[in-house]
>>> print(open('input.cif').read())   # mmCIF, C-alpha atoms
data_protein
loop_
_atom_site.label_atom_id
_atom_site.label_comp_id
_atom_site.auth_asym_id
_atom_site.auth_seq_id
_atom_site.Cartn_x
_atom_site.Cartn_y
_atom_site.Cartn_z
CA MET A 1 131.92 109.34 81.63
CA PRO A 2 128.81 108.10 79.74
CA THR A 3 125.44 109.69 80.52
CA ILE A 4 123.67 107.79 83.29
CA LYS A 5 120.05 107.02 82.42
CA ALA A 6 117.10 106.19 84.68
CA LEU A 7 113.84 104.52 83.68
CA PRO A 8 110.71 104.86 85.85
CA LEU A 9 108.13 102.06 85.78
CA ASN A 10 104.70 103.01 87.10
CA CYS A 11 103.06 99.86 88.45
CA THR A 12 99.75 101.48 89.36
CA LEU A 13 96.59 99.41 88.86
CA LYS A 14 95.28 102.21 86.64
CA SER A 15 95.95 100.85 83.15
CA ASP A 16 95.01 104.04 81.29
CA PRO A 17 98.16 106.18 80.88
CA GLY A 18 95.91 109.24 80.71
CA GLU A 19 94.60 108.64 84.23
CA ILE A 20 96.76 110.39 86.80
CA SER A 21 97.94 108.22 89.67
CA SER A 22 99.62 108.95 92.97
CA THR A 23 102.47 106.72 91.84
CA ASP A 24 102.99 109.14 88.94
CA ALA A 25 103.17 112.00 91.43
CA MET A 26 105.79 110.21 93.56
CA ILE A 27 107.80 109.22 90.49
CA THR A 28 107.79 112.88 89.43
CA VAL A 29 109.29 113.89 92.79
CA LEU A 30 112.06 111.31 92.40
CA ALA A 31 112.62 112.04 88.72
CA ASP A 32 113.11 115.74 89.46
CA ALA A 33 115.63 114.85 92.17
CA PHE A 34 117.53 112.67 89.69
CA ARG A 35 117.49 115.38 87.02
CA ASP A 36 119.00 117.74 89.58
CA ARG A 37 121.89 115.25 89.60
CA ASP A 38 122.17 115.43 85.79
CA ILE A 39 120.65 111.99 85.34
CA ALA A 40 118.75 111.48 82.06
CA VAL A 41 115.30 110.31 83.18
CA THR A 42 113.42 108.92 80.20
CA GLU A 43 109.70 108.37 79.80
CA THR A 44 107.66 106.79 82.57
CA VAL A 45 106.31 103.42 81.45
CA ARG A 46 102.75 102.62 82.59
CA VAL A 47 103.20 98.87 82.97
CA GLY A 48 99.48 98.17 83.37
CA ALA A 49 98.89 99.48 79.85
CA LEU A 50 101.11 96.73 78.44
CA ASN A 51 100.44 93.03 78.02
CA ILE A 52 103.03 91.59 80.39
CA LYS A 53 102.14 87.92 80.38
CA PRO A 54 102.53 85.74 83.48
CA GLY A 55 105.62 83.58 83.53
CA VAL A 56 109.29 83.48 84.45
CA THR A 57 110.97 83.58 81.05
CA SER A 58 112.09 86.57 79.01
CA ASP A 59 109.57 85.82 76.25
CA GLU A 60 106.22 84.20 76.90
CA GLY A 61 105.21 84.12 73.26
CA GLU A 62 102.89 85.97 70.91
CA GLY A 63 101.50 89.21 72.26
CA ASP A 64 103.92 89.41 75.19
CA ASP A 65 105.15 92.98 75.71
CA TRP A 66 107.83 91.97 78.21
CA PRO A 67 110.67 91.43 75.69
CA ASP A 68 110.48 95.08 74.56
CA LEU A 69 110.14 96.37 78.11
CA ARG A 70 113.02 94.13 79.25
CA GLU A 71 115.23 95.60 76.52
CA LYS A 72 114.27 99.12 77.57
CA ILE A 73 114.95 98.39 81.25
CA LEU A 74 118.40 96.97 80.52
CA ALA A 75 119.30 99.97 78.34
CA HIS A 76 119.24 102.11 81.51
CA ASP A 77 121.54 102.31 84.51
CA ILE A 78 118.92 103.05 87.17
CA LEU A 79 115.47 101.50 87.59
CA ILE A 80 112.81 103.48 89.45
CA LEU A 81 110.16 100.93 90.37
CA GLY A 82 107.04 102.77 91.44
CA GLY A 83 103.93 101.20 92.85
CA PRO A 84 101.00 101.59 95.22
CA ILE A 85 100.23 99.64 98.36
CA TRP A 86 97.20 97.37 98.00
CA MET A 87 96.06 95.09 100.84
CA GLY A 88 99.30 95.89 102.63
CA GLN A 89 101.45 94.65 99.75
CA VAL A 90 103.08 96.05 96.64
CA SER A 91 100.75 96.00 93.64
CA SER A 92 100.26 92.87 91.53
CA ILE A 93 101.62 94.80 88.53
CA ALA A 94 104.93 95.36 90.34
CA LYS A 95 105.02 91.70 91.31
CA ARG A 96 104.55 90.71 87.67
CA VAL A 97 107.62 92.78 86.73
CA LEU A 98 109.65 91.12 89.48
CA GLU A 99 108.47 87.65 88.44
CA ARG A 100 109.51 88.18 84.83
CA MET A 101 112.99 89.21 85.96
CA ASP A 102 113.40 85.74 87.44
CA ALA A 103 114.67 84.78 83.98
CA PHE A 104 117.83 86.78 84.70
CA LEU A 105 119.02 83.91 86.91
CA GLU A 106 119.61 81.79 83.81
CA GLU A 107 120.83 84.60 81.53
CA THR A 108 124.36 85.01 82.83
CA ASP A 109 127.52 85.97 80.96
CA ALA A 110 130.85 84.13 80.99
CA GLN A 111 131.59 85.55 84.46
CA GLY A 112 128.24 84.38 85.83
CA ARG A 113 126.79 87.90 85.89
CA MET A 114 123.10 88.46 85.30
CA PRO A 115 122.09 91.22 82.82
CA SER A 116 121.11 93.41 85.78
CA TYR A 117 124.62 93.34 87.26
CA GLY A 118 126.07 96.83 87.50
CA LYS A 119 122.60 98.41 87.53
CA VAL A 120 120.92 100.19 90.43
CA ALA A 121 117.28 100.05 91.56
CA VAL A 122 115.20 102.30 93.82
CA ALA A 123 111.51 102.36 94.75
CA ALA A 124 108.69 104.91 94.81
CA ILE A 125 105.82 103.76 97.03
CA VAL A 126 102.49 105.39 97.86
CA GLY A 127 99.38 104.33 99.74
CA ASN A 128 96.71 105.19 102.28
CA GLU A 129 97.48 102.37 104.64
CA ASP A 130 100.44 100.90 106.45
CA GLY A 131 102.86 98.76 104.47
CA ALA A 132 105.56 100.95 102.91
CA HIS A 133 108.36 99.15 104.75
CA PHE A 134 106.94 95.74 103.90
CA CYS A 135 106.58 96.71 100.24
CA SER A 136 110.15 97.97 100.04
CA ALA A 137 111.31 94.72 101.68
CA GLN A 138 109.42 92.72 99.02
CA ILE A 139 110.78 94.83 96.17
CA PHE A 140 114.40 95.03 97.27
CA GLN A 141 114.82 91.38 98.22
CA ALA A 142 113.38 90.30 94.88
CA LEU A 143 115.48 92.78 92.89
CA ASN A 144 118.64 91.82 94.76
CA ASP A 145 117.97 88.14 94.09
CA VAL A 146 118.00 88.84 90.35
CA GLY A 147 121.16 90.93 90.32
CA TRP A 148 120.16 94.54 90.97
CA THR A 149 122.20 96.69 93.35
CA ILE A 150 120.26 98.53 96.05
CA PRO A 151 121.81 101.76 97.39
CA ALA A 152 121.52 103.12 100.92
CA VAL A 153 118.17 104.92 101.41
CA ALA A 154 116.62 103.39 98.29
CA ALA A 155 112.90 103.97 98.93
CA CYS A 156 110.93 107.19 98.75
CA TYR A 157 107.42 106.72 100.11
CA TRP A 158 104.32 108.44 101.44
CA VAL A 159 101.57 106.77 103.44
CA GLY A 160 98.36 108.62 104.25
CA GLU A 161 95.84 108.00 106.98
CA ALA A 162 94.57 104.42 107.16
CA MET A 163 91.29 104.15 105.23
CA GLY A 164 91.63 107.85 104.46
CA SER A 165 90.40 109.63 101.34
CA THR A 166 93.43 111.83 100.59
CA ASP A 167 95.90 110.49 98.03
CA PHE A 168 99.45 111.66 97.45
CA LYS A 169 98.41 113.26 94.15
CA ASP A 170 95.83 115.34 96.06
CA LEU A 171 98.37 117.06 98.32
CA ASP A 172 98.93 120.77 97.78
CA ALA A 173 102.69 120.40 98.18
CA THR A 174 105.27 117.66 98.54
CA PRO A 175 105.86 116.96 102.26
CA GLU A 176 109.27 118.13 103.45
CA MET A 177 110.44 114.65 104.47
CA VAL A 178 109.42 113.17 101.13
CA ALA A 179 111.37 115.85 99.25
CA LYS A 180 114.38 115.35 101.55
CA THR A 181 114.28 111.58 101.11
CA ALA A 182 113.96 111.90 97.32
CA LYS A 183 117.14 113.96 97.21
CA MET A 184 118.98 111.35 99.28
CA VAL A 185 117.69 108.47 97.14
CA ALA A 186 118.79 110.27 93.96
CA SER A 187 122.17 111.23 95.40
CA ASN A 188 123.05 107.74 96.62
CA ALA A 189 121.72 105.95 93.52
CA THR A 190 123.57 108.34 91.20
CA HIS A 191 126.82 107.86 93.11
CA LEU A 192 126.50 104.08 93.06
CA ALA A 193 125.49 103.92 89.39
CA GLY A 194 128.51 106.05 88.49
CA LEU A 195 130.87 103.70 90.31
CA LEU A 196 129.36 100.59 88.75
CA ASN A 197 129.37 102.24 85.35
CA GLN A 198 133.15 102.60 85.62
CA GLN A 199 133.77 99.16 87.13
CA ASN A 200 131.20 96.39 87.13
CA TYR A 201 131.21 93.42 89.48
CA PRO A 202 133.85 90.85 88.56
CA GLY A 203 131.42 87.94 88.78
#
>>> encode(input="input.cif", output="structure tokens")
Amino acid sequence: MPTIKALPLNCTLKSDPGEISSTDAMITVLADAFRDRDIAVTETVRVGALNIKPGVTSDEGEGDDWPDLREKILAHDILILGGPIWMGQVSSIAKRVLERMDAFLEETDAQGRMPSYGKVAVAAIVGNEDGAHFCSAQIFQALNDVGWTIPAVAACYWVGEAMGSTDFKDLDATPEMVAKTAKMVASNATHLAGLLNQQNYPG
């Protein structure tokens, strides 16, 4: 069976890859859980450091970094979409990624399958306010619309005190329920990706 690969996208609003974010910390928890399942987790892409132009095509012209990122995403079997909660919603960076995938609707093969068919997506969400369930609803509905498969227990999240000052990256240890959920997310996503890797949707 071919090696299953996962690609994390960090959709923090911090554009400097050298600046640590809580989304990085949550992605690390999930990535470790996937590696425990022998999944090859490649580098985490800081999306805000790229020039992902607005639009709904796969190439918005000169200077657009989406075509290269799109190619990288589709070279993997599992997408880990990580992002923070801002104003009760998933970050604008994450929304930009979802909007650009709208092009998949017109990029079907002879069986009508989008390029994301047979690929699995999960989410890593952090924030200091309510909204994790709403963010996962936004992410998963959008991803499903453009062909991604969502496994059972597909979101690993942590939400701190409303208007609090403690971020996920500031915690001394990973909360037990977060670690437990990460293992379940990785287990289910790995299982599903393995099945789809052997037999894709017929279209």
>>> residues_near_point(input="input.cif", point="(102.0, 96.2, 80.1)", cutoff="12 Å", atoms="all atoms listed in the file", output="PDB file with C-alpha atoms, in the frame of the given file")
ATOM      1  CA  LEU A   9     108.130 102.060  85.780  1.00  0.00           C
ATOM      2  CA  ASN A  10     104.700 103.010  87.100  1.00  0.00           C
ATOM      3  CA  CYS A  11     103.060  99.860  88.450  1.00  0.00           C
ATOM      4  CA  THR A  12      99.750 101.480  89.360  1.00  0.00           C
ATOM      5  CA  LEU A  13      96.590  99.410  88.860  1.00  0.00           C
ATOM      6  CA  LYS A  14      95.280 102.210  86.640  1.00  0.00           C
ATOM      7  CA  SER A  15      95.950 100.850  83.150  1.00  0.00           C
ATOM      8  CA  ASP A  16      95.010 104.040  81.290  1.00  0.00           C
ATOM      9  CA  PRO A  17      98.160 106.180  80.880  1.00  0.00           C
ATOM     10  CA  VAL A  45     106.310 103.420  81.450  1.00  0.00           C
ATOM     11  CA  ARG A  46     102.750 102.620  82.590  1.00  0.00           C
ATOM     12  CA  VAL A  47     103.200  98.870  82.970  1.00  0.00           C
ATOM     13  CA  GLY A  48      99.480  98.170  83.370  1.00  0.00           C
ATOM     14  CA  ALA A  49      98.890  99.480  79.850  1.00  0.00           C
ATOM     15  CA  LEU A  50     101.110  96.730  78.440  1.00  0.00           C
ATOM     16  CA  ASN A  51     100.440  93.030  78.020  1.00  0.00           C
ATOM     17  CA  ILE A  52     103.030  91.590  80.390  1.00  0.00           C
ATOM     18  CA  LYS A  53     102.140  87.920  80.380  1.00  0.00           C
ATOM     19  CA  PRO A  54     102.530  85.740  83.480  1.00  0.00           C
ATOM     20  CA  GLY A  63     101.500  89.210  72.260  1.00  0.00           C
ATOM     21  CA  ASP A  64     103.920  89.410  75.190  1.00  0.00           C
ATOM     22  CA  ASP A  65     105.150  92.980  75.710  1.00  0.00           C
ATOM     23  CA  TRP A  66     107.830  91.970  78.210  1.00  0.00           C
ATOM     24  CA  PRO A  67     110.670  91.430  75.690  1.00  0.00           C
ATOM     25  CA  ASP A  68     110.480  95.080  74.560  1.00  0.00           C
ATOM     26  CA  LEU A  69     110.140  96.370  78.110  1.00  0.00           C
ATOM     27  CA  ARG A  70     113.020  94.130  79.250  1.00  0.00           C
ATOM     28  CA  ILE A  93     101.620  94.800  88.530  1.00  0.00           C
ATOM     29  CA  ALA A  94     104.930  95.360  90.340  1.00  0.00           C
ATOM     30  CA  ARG A  96     104.550  90.710  87.670  1.00  0.00           C
ATOM     31  CA  VAL A  97     107.620  92.780  86.730  1.00  0.00           C
ATOM     32  CA  ARG A 100     109.510  88.180  84.830  1.00  0.00           C
TER      33      ARG A 100
END
>>> resolve_selection(input="input.cif", expression="the PyMOL selection byres ((chain A and resi 8) around 10)", output="ChimeraX atom specification")
/A:6-7,9-11,24,27-28,30-31,41-46,73,76,78-82,121-124
>>> atom_distance(input="input.cif", atom1="CA of Ala152 in chain A", atom2="CA of Val90 in chain A")
20.2 Å
>>> atom_distance(input="input.cif", atom1="CA of Pro151 in chain A", atom2="CA of Asn188 in chain A")
6.2 Å
>>> closest_residue(input="input.cif", among="A:Ala25, A:Leu105, A:Ala179, A:Ile39", to="Val146 in chain A", atoms="all atoms listed in the file")
A:Leu105
>>> resolve_selection(input="input.cif", expression="the PyMOL selection byres ((chain A and resi 149) around 12)", output="PyMOL selection string")
chain A and resi 77-79+114-122+139-148+150-152+154+188-190+192-193+195-196+200-201
>>> resolve_selection(input="input.cif", expression="the PyMOL selection byres ((chain A and resi 178) around 10)", output="PyMOL selection string")
chain A and resi 26+29-30+156-158+174-177+179-184
>>> atom_distance(input="input.cif", atom1="CA of Met101 in chain A", atom2="CA of Gln138 in chain A")
14.0 Å
>>> closest_residue(input="input.cif", among="A:Asp167, A:Asn197, A:His133, A:Ala173", to="Ser21 in chain A", atoms="all atoms listed in the file")
A:Asp167
>>> axis_aligned_box(input="input.cif", around="range 130-135 of chain A", padding_each_side="3 Å", output="lines of an AutoDock Vina configuration file")
center_x = 104.4
center_y = 98.3
center_z = 103.3
size_x = 13.9
size_y = 11.2
size_z = 12.2
>>> decode(input="input.cif", residues="range 42-60 of chain A", atoms="N, CA, C and O atoms", output="short mmCIF file (atom, residue, chain, number, x, y, z; two decimals), in the first residue's frame")
data_model
loop_
_atom_site.label_atom_id
_atom_site.label_comp_id
_atom_site.auth_asym_id
_atom_site.auth_seq_id
_atom_site.Cartn_x
_atom_site.Cartn_y
_atom_site.Cartn_z
N THR A 42 4.05 16.11 6.14
CA THR A 42 5.08 16.96 5.57
C THR A 42 5.08 18.33 6.24
O THR A 42 4.46 18.51 7.29
N GLU A 43 5.75 19.28 5.64
CA GLU A 43 5.91 20.58 6.30
C GLU A 43 4.58 21.29 6.47
O GLU A 43 3.66 21.12 5.66
N THR A 44 4.48 22.09 7.53
CA THR A 44 3.30 22.91 7.73
C THR A 44 3.44 24.18 6.90
O THR A 44 4.44 24.89 7.01
N VAL A 45 2.44 24.46 6.07
CA VAL A 45 2.47 25.64 5.22
C VAL A 45 1.79 26.81 5.95
O VAL A 45 0.63 26.69 6.35
N ARG A 46 2.51 27.89 6.13
CA ARG A 46 1.93 29.12 6.71
C ARG A 46 1.29 29.90 5.56
O ARG A 46 1.96 30.62 4.82
N VAL A 47 0.00 29.75 5.41
CA VAL A 47 -0.70 30.29 4.24
C VAL A 47 -0.61 31.82 4.18
O VAL A 47 -0.47 32.41 3.11
N GLY A 48 -0.64 32.46 5.34
CA GLY A 48 -0.58 33.92 5.37
C GLY A 48 0.73 34.49 4.86
O GLY A 48 0.81 35.68 4.55
N ALA A 49 1.76 33.66 4.76
CA ALA A 49 3.05 34.12 4.24
C ALA A 49 3.08 34.08 2.72
O ALA A 49 4.03 34.57 2.11
N LEU A 50 2.05 33.50 2.12
CA LEU A 50 1.98 33.38 0.67
C LEU A 50 1.05 34.44 0.09
O LEU A 50 0.23 35.04 0.81
N ASN A 51 1.15 34.67 -1.20
CA ASN A 51 0.25 35.59 -1.88
C ASN A 51 -0.86 34.77 -2.55
O ASN A 51 -0.75 34.40 -3.71
N ILE A 52 -1.87 34.45 -1.76
CA ILE A 52 -3.02 33.72 -2.28
C ILE A 52 -4.05 34.76 -2.70
O ILE A 52 -4.74 35.34 -1.86
N LYS A 53 -4.13 35.02 -3.98
CA LYS A 53 -5.00 36.09 -4.47
C LYS A 53 -6.48 35.73 -4.29
O LYS A 53 -6.85 34.56 -4.29
N PRO A 54 -7.33 36.74 -4.17
CA PRO A 54 -8.77 36.47 -4.12
C PRO A 54 -9.25 35.97 -5.48
O PRO A 54 -8.69 36.31 -6.52
N GLY A 55 -10.27 35.14 -5.44
CA GLY A 55 -10.81 34.61 -6.69
C GLY A 55 -11.31 33.20 -6.52
O GLY A 55 -11.19 32.61 -5.44
N VAL A 56 -11.87 32.64 -7.57
CA VAL A 56 -12.42 31.27 -7.51
C VAL A 56 -11.92 30.43 -8.68
O VAL A 56 -12.57 29.47 -9.08
N THR A 57 -10.74 30.77 -9.20
CA THR A 57 -10.12 29.93 -10.22
C THR A 57 -8.84 29.34 -9.65
O THR A 57 -8.39 29.74 -8.58
N SER A 58 -8.25 28.41 -10.37
CA SER A 58 -7.03 27.77 -9.89
C SER A 58 -5.77 28.57 -10.21
O SER A 58 -4.68 28.22 -9.77
N ASP A 59 -5.92 29.67 -10.94
CA ASP A 59 -4.78 30.53 -11.23
C ASP A 59 -5.30 31.94 -11.50
O ASP A 59 -5.96 32.18 -12.52
N GLU A 60 -5.00 32.84 -10.57
CA GLU A 60 -5.47 34.21 -10.70
C GLU A 60 -4.41 35.14 -11.28
O GLU A 60 -4.45 36.35 -11.08
#
